[in-house]
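**Q** One file is attached below, target37.tsv, containing TSV, C-alpha atoms.
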chain	number	residue	atom	x	y	z
A	18	MET	CA	9.45	5.54	-9.92
A	19	GLN	CA	12.44	7.84	-9.57
A	20	ALA	CA	12.83	10.67	-7.09
A	21	SER	CA	15.48	12.93	-5.65
A	22	LYS	CA	15.97	14.67	-2.33
A	23	GLY	CA	13.56	17.55	-2.00
A	24	ASP	CA	10.97	16.09	-4.37
A	25	ARG	CA	7.40	15.88	-3.20
A	26	ILE	CA	5.37	12.69	-3.49
A	27	ILE	CA	1.63	13.05	-3.92
A	28	ILE	CA	-0.60	10.14	-2.85
A	29	ARG	CA	-3.98	10.29	-4.52
A	30	GLY	CA	-7.11	9.92	-2.40
A	31	HIS	CA	-8.44	6.38	-2.48
A	32	ARG	CA	-12.12	7.18	-2.15
A	33	VAL	CA	-14.39	9.84	-3.57
A	34	GLY	CA	-13.99	12.92	-1.42
A	35	GLU	CA	-10.73	11.78	0.19
A	36	HIS	CA	-8.07	14.43	-0.14
A	37	ASP	CA	-4.63	13.87	-1.61
A	38	ARG	CA	-1.71	13.50	0.77
A	39	ASP	CA	1.89	14.46	0.31
A	40	CYS	CA	5.34	13.96	1.75
A	41	GLU	CA	8.83	15.28	1.12
A	42	VAL	CA	11.68	13.02	0.03
A	43	LEU	CA	14.56	13.37	2.52
A	44	ASP	CA	16.70	10.50	1.29
A	45	VAL	CA	16.74	7.99	-1.56
A	46	GLN	CA	17.72	4.48	-0.50
A	47	GLY	CA	17.20	2.65	-3.78
A	48	LYS	CA	19.48	2.60	-6.80
A	49	ASP	CA	19.23	5.30	-9.46
A	50	GLY	CA	16.58	7.27	-7.62
A	51	GLY	CA	14.40	4.25	-6.94
A	52	PRO	CA	12.53	3.41	-3.74
A	53	PRO	CA	12.45	3.11	-0.85
A	54	TYR	CA	12.53	6.73	0.21
A	55	VAL	CA	12.90	8.32	3.62
A	56	VAL	CA	10.08	10.86	3.68
A	57	ARG	CA	8.67	13.49	6.02
A	58	TRP	CA	4.91	13.79	6.34
A	59	GLY	CA	3.87	17.43	6.11
A	60	ASP	CA	4.15	19.53	9.21
A	61	SER	CA	3.86	16.53	11.55
A	62	GLY	CA	7.62	16.04	11.32
A	63	HIS	CA	7.20	12.26	11.23
A	64	GLU	CA	9.79	10.49	9.11
A	65	THR	CA	9.14	7.02	7.68
A	66	LEU	CA	10.29	4.72	4.94
A	67	PHE	CA	8.00	4.98	1.93
A	68	PHE	CA	7.42	2.39	-0.78
A	69	PRO	CA	5.35	4.02	-3.52
A	70	GLY	CA	2.40	2.19	-5.04
A	71	SER	CA	0.24	2.99	-8.03
A	72	ASP	CA	-1.47	5.74	-6.01
A	73	ALA	CA	1.72	7.82	-5.77
A	74	ILE	CA	3.27	10.31	-8.19
A	75	VAL	CA	6.46	12.32	-7.87
A	76	GLN	CA	6.47	16.07	-8.17
A	77	HIS	CA	10.00	16.91	-9.21
A	78	PHE	CA	11.69	20.13	-8.29
A	79	GLU	CA	14.61	21.65	-10.14
A	80	HIS	CA	17.79	21.20	-8.12
A	81	THR	CA	19.83	24.20	-9.26
A	82	GLY	CA	21.89	24.69	-6.10
A	83	ASP	CA	22.31	27.97	-4.24
A	84	ARG	CA	21.13	31.18	-5.79
A	85	SER	CA	23.87	33.66	-6.57
B	971	MET	CA	-0.70	-10.96	-12.70
B	972	ARG	CA	2.01	-10.66	-10.04
B	973	ALA	CA	1.17	-9.91	-6.41
B	974	ILE	CA	3.07	-6.63	-6.45
B	975	GLU	CA	1.04	-5.42	-9.43
B	976	LEU	CA	-2.19	-5.83	-7.45
B	977	ILE	CA	-1.17	-3.39	-4.71
B	978	ARG	CA	-3.21	-0.21	-4.89
B	979	ARG	CA	-1.75	1.69	-1.95
B	980	SER	CA	1.74	2.80	-1.14
B	981	GLY	CA	3.57	1.07	1.70
B	982	VAL	CA	4.83	2.84	4.79
B	983	ALA	CA	7.34	1.42	7.26
B	984	VAL	CA	8.47	2.50	10.71
B	985	ALA	CA	11.16	1.45	13.17
B	986	PRO	CA	10.23	-0.78	16.16
B	987	ASP	CA	10.94	1.99	18.67
B	988	ARG	CA	8.32	4.35	17.29
B	989	THR	CA	5.42	4.91	19.66
B	990	MET	CA	1.76	4.03	19.37
B	991	ARG	CA	1.01	7.76	19.17
B	992	ASP	CA	3.51	8.13	16.29
B	993	ALA	CA	1.98	5.17	14.48
B	994	ALA	CA	-1.52	6.63	14.73
B	995	GLU	CA	-0.36	10.02	13.48
B	996	ILE	CA	1.58	8.45	10.60
B	997	MET	CA	-1.45	6.38	9.58
B	998	GLU	CA	-3.56	9.51	9.56
B	999	ARG	CA	-1.01	11.55	7.61
B	1000	SER	CA	-0.22	8.83	5.06
B	1001	GLY	CA	-3.72	7.38	4.67
B	1002	VAL	CA	-2.69	3.77	5.30
B	1003	GLY	CA	-4.19	1.40	7.84
B	1004	ALA	CA	-1.13	-0.78	8.35
B	1005	LEU	CA	2.54	-0.03	8.90
B	1006	ALA	CA	5.37	-2.46	8.30
B	1007	VAL	CA	7.81	-2.53	11.20
B	1008	LEU	CA	11.41	-2.70	9.98
B	1009	ASP	CA	14.53	-3.10	12.06
B	1010	GLY	CA	16.98	-1.83	9.48
B	1011	ASP	CA	16.13	-3.86	6.38
B	1012	HIS	CA	14.69	-6.68	8.44
B	1013	LEU	CA	10.90	-7.05	8.54
B	1014	VAL	CA	9.96	-7.75	12.15
B	1015	GLY	CA	6.21	-7.14	12.21
B	1016	ILE	CA	3.13	-5.32	11.02
B	1017	VAL	CA	0.94	-3.00	13.08
B	1018	THR	CA	-2.58	-2.10	11.99
B	1019	ASP	CA	-5.11	0.50	13.06
B	1020	ARG	CA	-7.04	-2.40	14.61
B	1021	ASP	CA	-3.96	-3.32	16.69
B	1022	LEU	CA	-3.74	0.24	18.00
B	1023	VAL	CA	-7.36	0.06	19.14
B	1024	ARG	CA	-7.57	-3.50	20.49
B	1025	ARG	CA	-4.06	-4.03	21.83
B	1026	GLY	CA	-3.37	-0.44	22.77
B	1027	LEU	CA	-6.35	1.75	23.60
B	1028	ALA	CA	-8.64	-1.02	24.84
B	1029	ARG	CA	-6.00	-2.18	27.31
B	1030	GLY	CA	-5.26	1.33	28.49
B	1031	LEU	CA	-1.66	1.32	27.29
B	1032	ASP	CA	0.34	4.51	27.37
B	1033	PRO	CA	0.37	6.27	23.97
B	1034	ASP	CA	4.16	6.24	24.20
B	1035	VAL	CA	4.37	2.44	24.23
B	1036	ARG	CA	6.58	1.12	21.41
B	1037	VAL	CA	4.89	-0.29	18.32
B	1038	ASP	CA	6.77	-3.57	18.67
B	1039	ALA	CA	4.64	-4.19	21.76
B	1040	LEU	CA	1.51	-4.00	19.62
B	1041	MET	CA	2.57	-5.45	16.28
B	1042	SER	CA	1.79	-8.88	14.85
B	1043	SER	CA	4.86	-11.05	14.41
B	1044	PRO	CA	5.86	-13.15	12.54
B	1045	VAL	CA	4.31	-11.66	9.44
B	1046	VAL	CA	2.43	-13.54	6.72
B	1047	THR	CA	4.25	-12.63	3.51
B	1048	ILE	CA	4.04	-13.25	-0.21
B	1049	ASP	CA	6.81	-12.86	-2.74
B	1050	ALA	CA	6.37	-9.98	-5.16
B	1051	ALA	CA	6.70	-12.36	-8.11
B	1052	ALA	CA	4.00	-14.75	-6.86
B	1053	ASP	CA	0.80	-14.82	-8.90
B	1054	VAL	CA	-2.68	-13.87	-7.78
B	1055	HIS	CA	-3.69	-17.50	-7.17
B	1056	SER	CA	-0.94	-17.80	-4.58
B	1057	ALA	CA	-2.37	-14.76	-2.81
B	1058	PHE	CA	-5.84	-16.36	-2.75
B	1059	ALA	CA	-4.35	-19.56	-1.34
B	1060	ILE	CA	-2.56	-17.69	1.46
B	1061	PHE	CA	-5.69	-15.76	2.41
B	1062	ARG	CA	-7.62	-19.04	2.39
B	1063	THR	CA	-5.32	-20.61	4.96
B	1064	ASN	CA	-4.48	-17.62	7.16
B	1065	ALA	CA	-6.82	-15.42	9.19
B	1066	VAL	CA	-5.38	-12.14	7.92
B	1067	ARG	CA	-6.69	-9.30	5.80
B	1068	ARG	CA	-3.32	-8.10	4.58
B	1069	LEU	CA	-0.20	-9.78	3.21
B	1070	VAL	CA	3.20	-8.16	3.34
B	1071	VAL	CA	4.80	-8.31	-0.09
B	1072	THR	CA	8.53	-8.90	-0.14
B	1073	GLU	CA	10.97	-8.59	-3.02
B	1074	ARG	CA	14.31	-10.32	-2.64
B	1075	GLY	CA	13.48	-10.70	1.03
B	1076	ARG	CA	12.87	-7.00	1.63
B	1077	PHE	CA	9.60	-5.23	2.34
B	1078	ALA	CA	7.97	-3.94	-0.85
B	1079	GLY	CA	4.36	-3.20	0.08
B	1080	VAL	CA	1.12	-4.47	1.57
B	1081	LEU	CA	-1.46	-6.45	-0.40
B	1082	ALA	CA	-4.94	-6.15	1.12
B	1083	ILE	CA	-8.00	-8.30	0.56
B	1084	ASP	CA	-9.61	-5.10	-0.75
B	1085	ASP	CA	-7.03	-5.02	-3.57
B	1086	LEU	CA	-7.99	-8.53	-4.64
B	1087	LEU	CA	-11.72	-7.80	-4.39
B	1088	ILE	CA	-11.39	-4.69	-6.55
B	1089	ASN	CA	-9.40	-6.60	-9.13
B	1090	LEU	CA	-11.82	-9.51	-9.03
B	1091	SER	CA	-14.90	-7.29	-9.34
B	1092	ALA	CA	-13.39	-5.60	-12.38
B	1093	ASP	CA	-12.83	-9.00	-13.99
B	1094	LEU	CA	-16.38	-10.07	-13.13
B	1095	ALA	CA	-17.77	-6.86	-14.61
B	1096	ASP	CA	-15.97	-7.61	-17.86
B	1097	LEU	CA	-17.58	-11.05	-17.97
B	1098	VAL	CA	-21.04	-9.87	-16.95
B	1099	ARG	CA	-21.22	-7.04	-19.50
B	1100	PRO	CA	-21.81	-9.17	-22.63
B	1101	VAL	CA	-24.20	-11.47	-20.76
B	1102	THR	CA	-26.21	-8.48	-19.51
B	1103	ALA	CA	-26.28	-6.93	-22.95
B	1104	GLU	CA	-27.52	-10.15	-24.45
B	1105	THR	CA	-30.26	-10.42	-21.82
B	1106	ILE	CA	-31.46	-6.85	-22.24
B	1107	ILE	CA	-31.00	-6.40	-25.96
B	1108	GLY	CA	-31.72	-9.95	-26.99
B	1109	HIS	CA	-29.85	-12.52	-28.91
B	1110	ARG	CA	-28.20	-11.49	-32.08
B	1111	ASP	CA	-29.45	-13.72	-34.84
B	1112	THR	CA	-26.76	-14.53	-37.26
B	1113	PRO	CA	-27.96	-15.46	-40.72
B	1114	VAL	CA	-27.84	-19.11	-41.53
B	1115	PRO	CA	-25.47	-19.72	-44.40
B	1116	ALA	CA	-27.29	-20.60	-47.58
B	1117	THR	CA	-26.78	-24.17	-48.65
B	1118	THR	CA	-27.58	-25.69	-51.95
Here is the file; what I need is its structure written in the form of structure tokens.
**A**
Amino acid sequence: MQASKGDRIIIRGHRVGEHDRDCEVLDVQGKDGGPPYVVRWGDSGHETLFFPGSDAIVQHFEHTGDRS
Amino acid sequence: MRAIELIRRSGVAVAPDRTMRDAAEIMERSGVGALAVLDGDHLVGIVTDRDLVRRGLARGLDPDVRVDALMSSPVVTIDAAADVHSAFAIFRTNAVRRLVVTERGRFAGVLAIDDLLINLSADLADLVRPVTAETIIGHRDTPVPATT
């Protein structure tokens, strides 16, 4: 898995009816965009280290810099 | 199959000075039932939802108590490259439901008994399918080769 700052990681629900979860990548600690990632969990503000498993996918965002 | 390939859930790690309240909220937000406790890169413990209940709530501890007061340490680990039989052997000799998977000595994820059961049940289903079909549908008679 590769991610960049600002990307969103989606964690699929593990059981039928369980909702997906998501977090924002604040920092990439691995090489070449690899894990682990420092992430923030939604509006809770909690920051943790995250080690993605097979239940996680990255939602990339275009990093185009400031708008002119 | 390697231990790390059996993990079905992402791993989440927190620092030892995070509180019991933080740990509970992070478990709820992330959907995991166990958090690795890392002091820098160093794995110092694991705290589970069961720990929060039995060691925290049941003893009337303040929600702001640090997680390193509740965590299990030292941690039972398995190397990421170890095979599934090694995982079975560790579960057989340790009273734990989760193994911390390490890669080059660093935390890489949590392998739960559930992960092994799901994998095992899928393998069993593959084996049972032809036996069930044979029982329900009947034996397939192959023609006896003609001999002269």
**Q** Pull the neighbourhood of (4.4, -15.8, 8.5) for me: all residues within 12 Å in file coordinates, counting only C-alpha atoms, as a PyMOL selection string.
**A** chain B and resi 1013-1016+1042-1049+1060-1061+1063-1066+1068-1072
**Q** Using only C-alpha atoms, which of B:Leu1040, B:Met997, B:Val1017, B:Val1101 sits nearest chain A?
**A**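 Of B:Leu1040, B:Met997, B:Val1017, B:Val1101, the one nearest chain A, counting only C-alpha atoms, is B:Met997.
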**Q** Of the candidates A:Gln46, A:Pro53, A:His36, A:Leu66, which shows the shortest atom-to-atom distance to Ala985 in chain B, using only C-alpha atoms?
**A**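 Checking each of A:Gln46, A:Pro53, A:His36, A:Leu66 against Ala985 in chain B, counting only C-alpha atoms, the winner is A:Leu66.
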**Q** Would you list the contacts of Ile74 in chain A as a list in words, taking every protein, DNA or RNA residue within 10 Å and counting only C-alpha atoms, but skipping same-chain residues closer than 3 positions in sequence?
**A**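 Near neighbours after the sequence-gap exclusion: Met18, Gln19, Ala20, Arg25, Ile26, Ile27, Ile28, Arg29, Asp39, Pro69, Gly70, Ser71 and His77 of chain A.
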**Q** Output as a VMD selection string the set of chain B residues within 6 Å of chain A, with distances taken over only C-alpha atoms.
**A** chain B and resid 978 to 984
**Q** Could you jot down the CA of Ile974 in chain B to CA of Val1002 in chain B separation for me, Å, one decimal place?
**A**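 So the two atoms, CA of Ile974 in chain B and CA of Val1002 in chain B, lie 16.7 Å apart.
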**Q** So what do you get for CA of Lys48 in chain A versus CA of Leu1005 in chain B, distance-wise?
**A**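 Taking CA of Lys48 in chain A as the start and CA of Leu1005 in chain B as the end point, the length is 23.2 Å.
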**Q** Pick out the closest residue to Ala1057 in chain B from this set: B:Glu975, B:Asp1032, B:Glu998, B:Asp1011. Count all atoms listed in the file.
**A**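 For Ala1057 in chain B, the nearest of the candidates is B:Glu975.
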**Q** Report as a PDB file with C-alpha atoms, in the frame of the given file all protein, DNA and RNA residues lying within 9 Å of Arg988 in chain B, evaluated on all atoms listed in the file, omitting residues in the same chain fewer than 2 positions from it.
**A**
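What landed in selection_34.pdb:
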ATOM      1  CA  VAL B 984       8.470   2.500  10.710  1.00  0.00           C
ATOM      2  CA  ALA B 985      11.160   1.450  13.170  1.00  0.00           C
ATOM      3  CA  PRO B 986      10.230  -0.780  16.160  1.00  0.00           C
ATOM      4  CA  MET B 990       1.760   4.030  19.370  1.00  0.00           C
ATOM      5  CA  ARG B 991       1.010   7.760  19.170  1.00  0.00           C
ATOM      6  CA  ASP B 992       3.510   8.130  16.290  1.00  0.00           C
ATOM      7  CA  ALA B 993       1.980   5.170  14.480  1.00  0.00           C
ATOM      8  CA  ASP B1034       4.160   6.240  24.200  1.00  0.00           C
ATOM      9  CA  VAL B1035       4.370   2.440  24.230  1.00  0.00           C
ATOM     10  CA  ARG B1036       6.580   1.120  21.410  1.00  0.00           C
ATOM     11  CA  VAL B1037       4.890  -0.290  18.320  1.00  0.00           C
ATOM     12  CA  ASP B1038       6.770  -3.570  18.670  1.00  0.00           C
TER      13      ASP B1038
END
**Q** Grab the CA of Arg1099 in chain B to CA of Met971 in chain B distance for me, in Å with one decimal place.
**A**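 Going from CA of Arg1099 in chain B over to CA of Met971 in chain B, I get 22.0 Å.
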**Q** Box for range 25-40 of chain A - axis-aligned, 8 Å on each of the six sides, all listed atoms - centre and size in Å to one decimal, as JSON.
**A**
{"center_x": -3.5, "center_y": 11.1, "center_z": -1.4, "size_x": 37.8, "size_y": 25.5, "size_z": 22.3}
**Q** Could you please give me, as a ChimeraX atom specification, the residues of protein, DNA or RNA lying at most 6 Å from (-2.7, -5.5, -0.1) in the coordinate frame of the file, considering only C-alpha atoms?
**A** /B:977,1068-1069,1080-1082,1085
